[in-house]
Amino acid sequence: MIELTTSLAEATAEVVRRVQRSLVVLHNGHHGVGAGIIWGSNQANKKRSGTLILTNYHVIAHGRHLRAELEDGTEHPARLLAQVPEIDLALLEIERDNLPAMMIADSHSLRVGELVLAIGHPWGQRSAVTAGLVSGLSTAQTRDPQKSIEIIRSDVNLAPGNSGGPLVNANGAVVGINTMILGGDQAIAVPSHVASAFVEGALKGD
Amino acid sequence: MIELTTSLAEATAEVVRRVQRSLVVLHNGHHGVGAGIIWGSNQANKKRSGTLILTNYHVIAHGRHLRAELEDGTEHPARLLAQVPEIDLALLEIERDNLPAMMIADSHSLRVGELVLAIGHPWGQRSAVTAGLVSGLSTAQTRDPQKSIEIIRSDVNLAPGNSGGPLVNANGAVVGINTMILGGDQAIAVPSHVASAFVEGALKGD
Amino acid sequence: MIELTTSLAEATAEVVRRVQRSLVVLHNGHHGVGAGIIWGSNQANKKRSGTLILTNYHVIAHGRHLRAELEDGTEHPARLLAQVPEIDLALLEIERDNLPAMMIADSHSLRVGELVLAIGHPWGQRSAVTAGLVSGLSTAQTRDPQKSIEIIRSDVNLAPGNSGGPLVNANGAVVGINTMILGGDQAIAVPSHVASAFVEGALKGD
């Protein structure tokens with residue numbers, strides 16, 4: 001019977017390993033750090049080979065000298081390609097190629113009660129992980145009272161430094177971008193399908 | 001190996017689905033909401049078909065115009081049948097039949113370390129779920145210092161709005177009624193065997 | 001599918017059962033209690049049969065009349081054998097034999113993302129359990145700024161009374177000694193390989 005918990009422990013560690021190599025630390029020239037997701041190579045960029053990094057808008061807002069630190073410890077200047085404060089997302093590019101992209105899941109198929117993991121840099125601690133369940137799938141109002149956005153609520157423990165990092169499913173694929181903590185213990189993420197549409201629009205120059 | 005976490009995610013989502021359809025939102029005419037459990041049809045009631053709803057006493061105390069909101073969004077006036085403040089339980093009835101009753105487990109067989117899920121409406125968020133383990137099985141003093149009641153402690157994250165909702169086991173059956181948060185992070189539930197005895201007594205007119 | 005969550009619940013309960021019988025409550029003559037781990041019989045002691053208890057230094061510091069309470073409720077005077085404040089560990093001995101020692105894992109093989117359980121006496125609640133994942137493996141500075149120690153970070157919910165108790169892996173073997181809570185929600189444990197080296201050194205009279 002105890003073999004089951006042991007197998008589960010190996011499986012969760014494997015999911016984490018899968019995700020960590022595609023996670024970056026974002027430095028914005030201020031105190032504190034945020035997280036970023038290696039989204040893939042920028043194929044809209046014909047001139048040179050670049051890699052797309054997705055993060056929260058609030059991680060890079062007012063930032064200067066944005067730098068992305070890879071798992072190998074190297075740091076690379078990051079250029080802002082697009083940002084949409086209303087959904088708290090921003091897209092950056094660094095001049096590196098052949099970096100491992102994170103798997104992206106379709107968050108439309110996410111179910112309440114599913115196991116999820118959040119990986120980021122809470123309180124500056126690198127690549128730390130915490131697990132929980134999807135608590136609810138709902139909507140939140142934006143600053144414009146006539147607009148609302150879809151959100152994922154979960155009971156993972158987020159902290160400053162998780163922002164911009166992935167909420168992944170049991171398979172290690174991104175289902176959301178960790179964005180906010182409400183009421184002390186509610187973790188809020190922007191669904192990956194919202195993030196995918198944002199990236200697609202940004203590359204088309206919308 | 002990762003198939004295990006994926007299967008686990010599907011299983012927890014399925015447990016949640018099983019429970020949600022038997023969960024109600026209780027409105028008491030004041031701000032805030034509580035949770036209630038569809039306990040079964042009221043077979044003691046020969047005159048008309050009614051459904052029993054179990055909740056915490058403190059959810060409905062001082063309440064007027066009690067209403068139970070079903071998963072389909074319809075609201076139904078709820079009549080108070082019985083209440084016992086010492087164990088923080090109350091039994092209501094609504095005039096509806098053929099509602100799906102929650103499965104009730106025998107909490108005598110609950111073990112410390114078992115996986116449990118709490119489902120309710122924390123901070124008004126509908127049918128939200130959080131998971132944890134049974135931390136301890138103990139007793140707590142009531143306001144009468146000579147009396148004590150059995151309680152279940154767990155490490156699930158409760159919030160206002162979880163009160164009256166179920167703590168379920170890995171099978172989706174009710175093992176406790178979520179009742180209190182102590183010391184910021186200890187969740188307290190009244191065992192389902194205490195709740196079953198309360199309902200039985202109430203229907204007999206004890 | 002739901003059989004999986006049921007099996008998992010049985011497995012976690014079994015892990016807890018395995019650990020609880022080797023856990024002690026430590027009374028230090030002050031308010032509050034700490035936890036201690038039955039480490040094994042003291043084979044360095046030729047004169048009489050004694051059992052080693054490992055705990056945090058801060059649980060017994062300034063303590064008088066140290067007593068260890070076993071799972072059967074009996075209390076035994078505990079003698080301090082060794083202490084190292086820098087790694088917050090202390091080794092005690094009680095005059096009892098044939099007590100079940102906890103299994104000790106090699107924390108060198110611990111992986112980020114592994115399932116772990118913390119067992120102790122949070123807020124005085126006996127043998128309570130909480131579960132989480134290993135969040136990170138890192139180092140922390142000691143009071144001597146030139147020295148650092150290895151630590152295990154996890155997302156389990158600790159509280160006063162967990163100190164000195166075990167962080168166990170999915171197999172029920174000790175991987176760390178729960179020692180501190182940082183920033184409200186980060187649990188810090190001293191790795192079991194540090195604890196093993198401390199005990200070995202203490203018995204050799206280092």
# chains A, B, ... in the order shown; residues from 1 in each chain; ligands from 1
$ select_by_dssp --residues "region 39-197 of chain B" --states "strand (DSSP E)" --output "PyMOL selection string"
chain B and resi 39-41+51-55+67-69+75-84+89-94+115-120+128-141+148-154+166-168+174-182+186-191
$ select_by_dssp --residues "chain B" --states "alpha helix (DSSP H)" --output "PDB file with N, CA and C atoms, in the first residue's frame"
ATOM      1  N   ILE B   2       4.498   9.473 -14.551  1.00  0.00           N
ATOM      2  CA  ILE B   2       3.661  10.663 -14.483  1.00  0.00           C
ATOM      3  C   ILE B   2       2.188  10.307 -14.717  1.00  0.00           C
ATOM      4  N   GLU B   3       1.923   9.139 -15.287  1.00  0.00           N
ATOM      5  CA  GLU B   3       0.525   8.695 -15.416  1.00  0.00           C
ATOM      6  C   GLU B   3      -0.143   8.679 -14.041  1.00  0.00           C
ATOM      7  N   LEU B   4       0.624   8.412 -12.997  1.00  0.00           N
ATOM      8  CA  LEU B   4       0.023   8.326 -11.665  1.00  0.00           C
ATOM      9  C   LEU B   4      -0.537   9.674 -11.214  1.00  0.00           C
ATOM     10  N   THR B   5       0.236  10.747 -11.405  1.00  0.00           N
ATOM     11  CA  THR B   5      -0.283  12.053 -10.987  1.00  0.00           C
ATOM     12  C   THR B   5      -1.483  12.431 -11.852  1.00  0.00           C
ATOM     13  N   THR B   6      -1.431  12.072 -13.136  1.00  0.00           N
ATOM     14  CA  THR B   6      -2.547  12.377 -14.030  1.00  0.00           C
ATOM     15  C   THR B   6      -3.804  11.629 -13.585  1.00  0.00           C
ATOM     16  N   SER B   7      -3.656  10.365 -13.258  1.00  0.00           N
ATOM     17  CA  SER B   7      -4.809   9.585 -12.791  1.00  0.00           C
ATOM     18  C   SER B   7      -5.329  10.150 -11.479  1.00  0.00           C
ATOM     19  N   LEU B   8      -4.417  10.564 -10.617  1.00  0.00           N
ATOM     20  CA  LEU B   8      -4.838  11.128  -9.339  1.00  0.00           C
ATOM     21  C   LEU B   8      -5.641  12.413  -9.562  1.00  0.00           C
ATOM     22  N   ALA B   9      -5.184  13.240 -10.499  1.00  0.00           N
ATOM     23  CA  ALA B   9      -5.887  14.490 -10.799  1.00  0.00           C
ATOM     24  C   ALA B   9      -7.303  14.198 -11.301  1.00  0.00           C
ATOM     25  N   GLU B  10      -7.444  13.173 -12.137  1.00  0.00           N
ATOM     26  CA  GLU B  10      -8.781  12.810 -12.634  1.00  0.00           C
ATOM     27  C   GLU B  10      -9.652  12.298 -11.494  1.00  0.00           C
ATOM     28  N   ALA B  11      -9.039  11.549 -10.603  1.00  0.00           N
ATOM     29  CA  ALA B  11      -9.797  10.984  -9.483  1.00  0.00           C
ATOM     30  C   ALA B  11     -10.279  12.063  -8.524  1.00  0.00           C
ATOM     31  N   THR B  12      -9.410  13.020  -8.186  1.00  0.00           N
ATOM     32  CA  THR B  12      -9.845  14.068  -7.254  1.00  0.00           C
ATOM     33  C   THR B  12     -10.936  14.924  -7.904  1.00  0.00           C
ATOM     34  N   ALA B  13     -10.802  15.189  -9.203  1.00  0.00           N
ATOM     35  CA  ALA B  13     -11.835  15.966  -9.900  1.00  0.00           C
ATOM     36  C   ALA B  13     -13.170  15.214  -9.879  1.00  0.00           C
ATOM     37  N   GLU B  14     -13.107  13.899 -10.017  1.00  0.00           N
ATOM     38  CA  GLU B  14     -14.323  13.085 -10.013  1.00  0.00           C
ATOM     39  C   GLU B  14     -14.982  13.090  -8.627  1.00  0.00           C
ATOM     40  N   VAL B  15     -14.179  13.029  -7.586  1.00  0.00           N
ATOM     41  CA  VAL B  15     -14.719  13.104  -6.220  1.00  0.00           C
ATOM     42  C   VAL B  15     -15.462  14.431  -6.037  1.00  0.00           C
ATOM     43  N   VAL B  16     -14.834  15.506  -6.498  1.00  0.00           N
ATOM     44  CA  VAL B  16     -15.442  16.829  -6.360  1.00  0.00           C
ATOM     45  C   VAL B  16     -16.773  16.893  -7.102  1.00  0.00           C
ATOM     46  N   ARG B  17     -16.785  16.387  -8.321  1.00  0.00           N
ATOM     47  CA  ARG B  17     -18.012  16.401  -9.130  1.00  0.00           C
ATOM     48  C   ARG B  17     -19.140  15.667  -8.407  1.00  0.00           C
ATOM     49  N   ARG B  18     -18.800  14.543  -7.798  1.00  0.00           N
ATOM     50  CA  ARG B  18     -19.774  13.714  -7.090  1.00  0.00           C
ATOM     51  C   ARG B  18     -20.412  14.491  -5.932  1.00  0.00           C
ATOM     52  N   VAL B  19     -19.615  15.342  -5.298  1.00  0.00           N
ATOM     53  CA  VAL B  19     -20.082  16.043  -4.101  1.00  0.00           C
ATOM     54  C   VAL B  19     -20.844  17.321  -4.468  1.00  0.00           C
ATOM     55  N   GLN B  20     -20.364  18.032  -5.478  1.00  0.00           N
ATOM     56  CA  GLN B  20     -20.910  19.356  -5.782  1.00  0.00           C
ATOM     57  C   GLN B  20     -22.411  19.360  -6.053  1.00  0.00           C
ATOM     58  N   TYR B  57     -25.283  25.327  12.861  1.00  0.00           N
ATOM     59  CA  TYR B  57     -26.185  26.219  13.578  1.00  0.00           C
ATOM     60  C   TYR B  57     -25.799  27.681  13.332  1.00  0.00           C
ATOM     61  N   HIS B  58     -24.490  27.974  13.373  1.00  0.00           N
ATOM     62  CA  HIS B  58     -24.085  29.391  13.288  1.00  0.00           C
ATOM     63  C   HIS B  58     -24.334  29.993  11.899  1.00  0.00           C
ATOM     64  N   VAL B  59     -24.577  29.151  10.915  1.00  0.00           N
ATOM     65  CA  VAL B  59     -24.899  29.671   9.574  1.00  0.00           C
ATOM     66  C   VAL B  59     -26.317  30.242   9.535  1.00  0.00           C
ATOM     67  N   ILE B  60     -27.219  29.617  10.306  1.00  0.00           N
ATOM     68  CA  ILE B  60     -28.624  30.033  10.217  1.00  0.00           C
ATOM     69  C   ILE B  60     -29.111  30.787  11.460  1.00  0.00           C
ATOM     70  N   SER B 192     -19.275  13.016  11.084  1.00  0.00           N
ATOM     71  CA  SER B 192     -20.559  12.672  10.463  1.00  0.00           C
ATOM     72  C   SER B 192     -21.404  11.772  11.357  1.00  0.00           C
ATOM     73  N   HIS B 193     -20.777  10.978  12.233  1.00  0.00           N
ATOM     74  CA  HIS B 193     -21.621  10.131  13.092  1.00  0.00           C
ATOM     75  C   HIS B 193     -22.368  10.976  14.128  1.00  0.00           C
ATOM     76  N   VAL B 194     -21.775  12.104  14.527  1.00  0.00           N
ATOM     77  CA  VAL B 194     -22.487  13.037  15.413  1.00  0.00           C
ATOM     78  C   VAL B 194     -23.649  13.682  14.652  1.00  0.00           C
ATOM     79  N   ALA B 195     -23.389  14.028  13.399  1.00  0.00           N
ATOM     80  CA  ALA B 195     -24.433  14.637  12.565  1.00  0.00           C
ATOM     81  C   ALA B 195     -25.575  13.651  12.304  1.00  0.00           C
ATOM     82  N   SER B 196     -25.226  12.401  12.027  1.00  0.00           N
ATOM     83  CA  SER B 196     -26.265  11.392  11.761  1.00  0.00           C
ATOM     84  C   SER B 196     -27.157  11.197  12.982  1.00  0.00           C
ATOM     85  N   ALA B 197     -26.542  11.144  14.155  1.00  0.00           N
ATOM     86  CA  ALA B 197     -27.324  10.976  15.387  1.00  0.00           C
ATOM     87  C   ALA B 197     -28.225  12.189  15.621  1.00  0.00           C
ATOM     88  N   PHE B 198     -27.709  13.376  15.328  1.00  0.00           N
ATOM     89  CA  PHE B 198     -28.503  14.601  15.466  1.00  0.00           C
ATOM     90  C   PHE B 198     -29.726  14.559  14.539  1.00  0.00           C
ATOM     91  N   VAL B 199     -29.521  14.177  13.283  1.00  0.00           N
ATOM     92  CA  VAL B 199     -30.633  14.140  12.319  1.00  0.00           C
ATOM     93  C   VAL B 199     -31.664  13.100  12.751  1.00  0.00           C
ATOM     94  N   GLU B 200     -31.192  11.935  13.154  1.00  0.00           N
ATOM     95  CA  GLU B 200     -32.096  10.869  13.575  1.00  0.00           C
ATOM     96  C   GLU B 200     -32.945  11.326  14.760  1.00  0.00           C
ATOM     97  N   GLY B 201     -32.294  11.941  15.737  1.00  0.00           N
ATOM     98  CA  GLY B 201     -33.013  12.455  16.906  1.00  0.00           C
ATOM     99  C   GLY B 201     -34.033  13.516  16.519  1.00  0.00           C
ATOM    100  N   ALA B 202     -33.633  14.396  15.614  1.00  0.00           N
ATOM    101  CA  ALA B 202     -34.513  15.497  15.214  1.00  0.00           C
ATOM    102  C   ALA B 202     -35.773  14.968  14.537  1.00  0.00           C
ATOM    103  N   LEU B 203     -35.616  13.924  13.723  1.00  0.00           N
ATOM    104  CA  LEU B 203     -36.771  13.396  12.987  1.00  0.00           C
ATOM    105  C   LEU B 203     -37.711  12.622  13.891  1.00  0.00           C
ATOM    106  N   LYS B 204     -37.151  12.043  14.953  1.00  0.00           N
ATOM    107  CA  LYS B 204     -37.983  11.338  15.936  1.00  0.00           C
ATOM    108  C   LYS B 204     -38.660  12.327  16.874  1.00  0.00           C
TER     109      LYS B 204
END
$ closest_atom_pairs --of "chain B" --to "chain C" --cutoff "7 Å" --atoms "only C-alpha atoms" --output "CSV"
residue,atom,partner,partner_atom,distance
B:Leu8,CA,C:Leu4,CA,6.6
B:Ala11,CA,C:Ile2,CA,5.1
B:Thr12,CA,C:Thr5,CA,6.8
B:Val15,CA,C:Ile2,CA,6.9
B:Arg111,CA,C:Ala13,CA,6.2
B:Val112,CA,C:Ala13,CA,5.8
B:Gly113,CA,C:Ala13,CA,4.0
B:Glu114,CA,C:Ala9,CA,4.5
B:Leu115,CA,C:Ala9,CA,4.6
B:Leu133,CA,C:Thr130,CA,6.2
B:Ser135,CA,C:Val129,CA,4.5
B:Gly136,CA,C:Ala128,CA,5.2
B:Asp155,CA,C:Thr130,CA,6.0
B:Ala170,CA,C:Thr6,CA,4.9
B:Asn171,CA,C:Thr6,CA,5.9
$ write_last_selection --atoms "N, CA and C atoms" --output "compact mmCIF listing (two decimals), in the first residue's frame"
# COMPACT_ATOMS: atom_id res chain seq x y z
N LEU B 8 -4.42 10.56 -10.62
CA LEU B 8 -4.84 11.13 -9.34
C LEU B 8 -5.64 12.41 -9.56
N ALA B 11 -9.04 11.55 -10.60
CA ALA B 11 -9.80 10.98 -9.48
C ALA B 11 -10.28 12.06 -8.52
N THR B 12 -9.41 13.02 -8.19
CA THR B 12 -9.85 14.07 -7.25
C THR B 12 -10.94 14.92 -7.90
N VAL B 15 -14.18 13.03 -7.59
CA VAL B 15 -14.72 13.10 -6.22
C VAL B 15 -15.46 14.43 -6.04
N ARG B 111 -9.32 7.60 9.83
CA ARG B 111 -7.97 7.44 10.40
C ARG B 111 -7.15 8.72 10.21
N VAL B 112 -6.32 9.03 11.20
CA VAL B 112 -5.39 10.16 11.06
C VAL B 112 -4.49 9.89 9.85
N GLY B 113 -4.30 10.91 9.04
CA GLY B 113 -3.46 10.77 7.86
C GLY B 113 -4.24 10.50 6.59
N GLU B 114 -5.54 10.24 6.70
CA GLU B 114 -6.37 10.02 5.50
C GLU B 114 -6.52 11.31 4.69
N LEU B 115 -6.54 11.14 3.38
CA LEU B 115 -6.82 12.25 2.47
C LEU B 115 -8.28 12.69 2.62
N LEU B 133 -5.03 16.44 4.76
CA LEU B 133 -5.07 15.18 5.49
C LEU B 133 -5.79 15.38 6.81
N SER B 135 -5.60 15.58 10.39
CA SER B 135 -4.46 15.83 11.27
C SER B 135 -4.63 15.12 12.60
N GLY B 136 -5.85 15.09 13.10
CA GLY B 136 -6.08 14.50 14.40
C GLY B 136 -7.54 14.26 14.67
N ASP B 155 -5.80 19.57 7.87
CA ASP B 155 -4.98 20.68 7.41
C ASP B 155 -5.51 21.29 6.11
N ALA B 170 -11.84 10.18 0.60
CA ALA B 170 -11.31 9.97 -0.74
C ALA B 170 -12.34 9.36 -1.67
N ASN B 171 -13.44 8.91 -1.10
CA ASN B 171 -14.50 8.28 -1.86
C ASN B 171 -15.63 9.26 -2.13
$ residues_around --residues "Ile188 (chain C)" --least-positions-apart "6" --cutoff "6 Å" --atoms "only C-alpha atoms" --output "PyMOL selection string"
chain C and resi 152-153+179-180
$ write_last_selection --atoms "C-alpha atoms" --output "mmCIF file, in the first residue's frame"
data_model
loop_
_atom_site.group_PDB
_atom_site.id
_atom_site.type_symbol
_atom_site.label_atom_id
_atom_site.label_comp_id
_atom_site.auth_asym_id
_atom_site.auth_seq_id
_atom_site.Cartn_x
_atom_site.Cartn_y
_atom_site.Cartn_z
ATOM 1 C CA ILE C 152 14.980 21.410 3.322
ATOM 2 C CA ARG C 153 12.117 23.738 2.475
ATOM 3 C CA THR C 179 12.837 23.326 12.865
ATOM 4 C CA MET C 180 11.417 26.643 11.747
#
$ residues_around --residues "region 65-67 of chain C" --least-positions-apart "6" --cutoff "6 Å" --atoms "only C-alpha atoms" --output "PyMOL selection string"
chain C and resi 26-29+76-78
$ atom_distance --atom1 "CA of Arg21 (chain C)" --atom2 "CA of Val116 (chain C)"
17.9 Å
$ atom_distance --atom1 "CA of Gly32 (chain A)" --atom2 "CA of Arg143 (chain C)"
23.8 Å
